[in-house]
Amino acid sequence: MKDINLNNIKVFYEQEYDGGGYRLVDGMFSHPRIAKLCEGKQKVLELCSGPGFFGFYLLGKESRESLHLTDINEDLIPIIRETIIKNDLNNVIFETKFWPSERFDLVVLNPPHHNDINPHKKGEFTGISKLINYDEDWNFHKKFFNELDGHLTDDGCAIVIENHDGSDSNTFTKFIPDNLNVEYIEHQKFGWKGSSEFFVMILSKND
Ligand SMILES: C[S@@+](CC[C@H](N)C(=O)[O-])C[C@H]1O[C@@H](n2cnc3c(N)ncnc32)[C@H](O)[C@@H]1O
C-alpha cells in the first residue's frame, strides 16, 4: 500500500483507486474561495471518496467533529481502515453506500467525470477505470443534486469538482433543482500537470 501525508494524516491508498484526488487536493483546497468555505465546518462528508484524499486533508487541516466517507467500492474498506488505525482517528466512518442518514455542514466530492464510455475515442473505460470515470446518463449526478438538500445543514454547502473534458456548467445546470443555489469556479488547473482543466460547483440551500 502507498501513502501520502495530508496535513499530518498519513493517508493510505492503492494507485488504481486514485481518481485524481491525489494530485488535485492541495491546489483545490488552497483556492481562497474554497478554503474559506471549508473553515469551521464540523461535520464533513466525502462522497465517491476513494481512499479519502479530500476528507482526510480537511480533517487534518483543522479540528472537526467528524468525517464520513462513502464509496460504492468495497475494496476500499481495508485501505481506509489502515488510515484510521495508523493515525489513531476516532471520528471517521466509511460506508459503502450513497448517503449516510444524517446532515452535513460540508460535502465534498470528485465524482465520475464522464457520461461517455469512450470519450474522444481514446479507449473504452473498463473495470476499475469505468467505476472511477463513467457516470451513465449522469445518473449519479442526478441523484446527488436531487437528494443533496436533505443531507445539508441549514448553513451547509457542497463542493464538487468536475473535469472540463467530460462536462461544463451547462451540462449540470438543468439537473439542479430550485431548492439549491449554485456558484461555479471554472477553468482551473489546481496544480494538475496534464492537459485537463477543472471546474468546481458550490451548492448551498436556497432559502
Ligand atoms: C473520480 S473517482 C474519485 C476517487 C477519489 N475521491 C479521488 O479523488 O481520487 C470516483 C469515485 O466514485 C466512486 N463511485 C462511482 N460510482 C459510484 C456510485 N454510484 N456511488 C458511490 N460511489 C461511486 C468510485 O468507486 C470512485 O472511487
# chains A, B, ... in the order shown; residues from 1 in each chain; ligands from 1
call {"tool": "closest_atom_pairs", "arguments": {"of": "chain A", "to": "ligand 1", "cutoff": "8 Å", "atoms": "only C-alpha atoms and all ligand atoms", "output": "tab-separated table"}}
result
residue	atom	partner	partner_atom_place_in_ligand_line	distance
A:Tyr17	CA	ligand 1	27 (O)	6.1
A:Asp18	CA	ligand 1	9 (O)	4.0
A:Gly19	CA	ligand 1	9 (O)	3.3
A:Gly20	CA	ligand 1	9 (O)	4.4
A:Gly21	CA	ligand 1	8 (O)	3.1
A:Tyr22	CA	ligand 1	9 (O)	5.7
A:Leu24	CA	ligand 1	8 (O)	7.6
A:Val25	CA	ligand 1	8 (O)	7.7
A:Glu46	CA	ligand 1	6 (N)	7.6
A:Leu47	CA	ligand 1	22 (N)	6.7
A:Cys48	CA	ligand 1	12 (O)	3.7
A:Ser49	CA	ligand 1	6 (N)	3.8
A:Gly50	CA	ligand 1	27 (O)	3.8
A:Pro51	CA	ligand 1	5 (C)	6.2
A:Gly52	CA	ligand 1	6 (N)	5.8
A:Phe53	CA	ligand 1	8 (O)	6.2
A:Phe54	CA	ligand 1	8 (O)	6.7
A:Thr70	CA	ligand 1	21 (C)	6.6
A:Asp71	CA	ligand 1	22 (N)	3.9
A:Ile72	CA	ligand 1	21 (C)	4.0
A:Asn73	CA	ligand 1	25 (O)	4.8
A:Thr96	CA	ligand 1	21 (C)	7.3
A:Lys97	CA	ligand 1	21 (C)	6.3
A:Phe98	CA	ligand 1	20 (N)	5.1
A:Leu109	CA	ligand 1	6 (N)	6.4
A:Asn110	CA	ligand 1	3 (C)	4.9
A:Pro111	CA	ligand 1	10 (C)	4.4
A:Pro112	CA	ligand 1	1 (C)	4.5
A:His113	CA	ligand 1	1 (C)	6.5
A:Ile128	CA	ligand 1	25 (O)	7.6
A:Leu131	CA	ligand 1	15 (C)	4.9
A:Ile132	CA	ligand 1	10 (C)	4.1
A:Asn133	CA	ligand 1	1 (C)	5.6
A:Tyr134	CA	ligand 1	15 (C)	7.4
A:Asp135	CA	ligand 1	16 (N)	6.8
A:Phe140	CA	ligand 1	19 (N)	5.5
call {"tool": "select_by_dssp", "arguments": {"residues": "segment 3-174 of chain A", "states": "alpha helix (DSSP H)", "output": "count of residues only"}}
result
57
call {"tool": "atom_distance", "arguments": {"atom1": "atom CA of Pro78 of chain A", "atom2": "atom CA of Glu95 of chain A"}}
result
11.8 Å
call {"tool": "closest_residue", "arguments": {"among": "A:Trp99, A:Phe104, A:Tyr13, A:Tyr57", "to": "Thr153 of chain A", "atoms": "only C-alpha atoms"}}
result
A:Phe104
call {"tool": "closest_residue", "arguments": {"among": "A:Leu106, A:Met201, A:Cys38, A:Val92", "to": "Asp154 of chain A", "atoms": "only C-alpha atoms"}}
result
A:Leu106
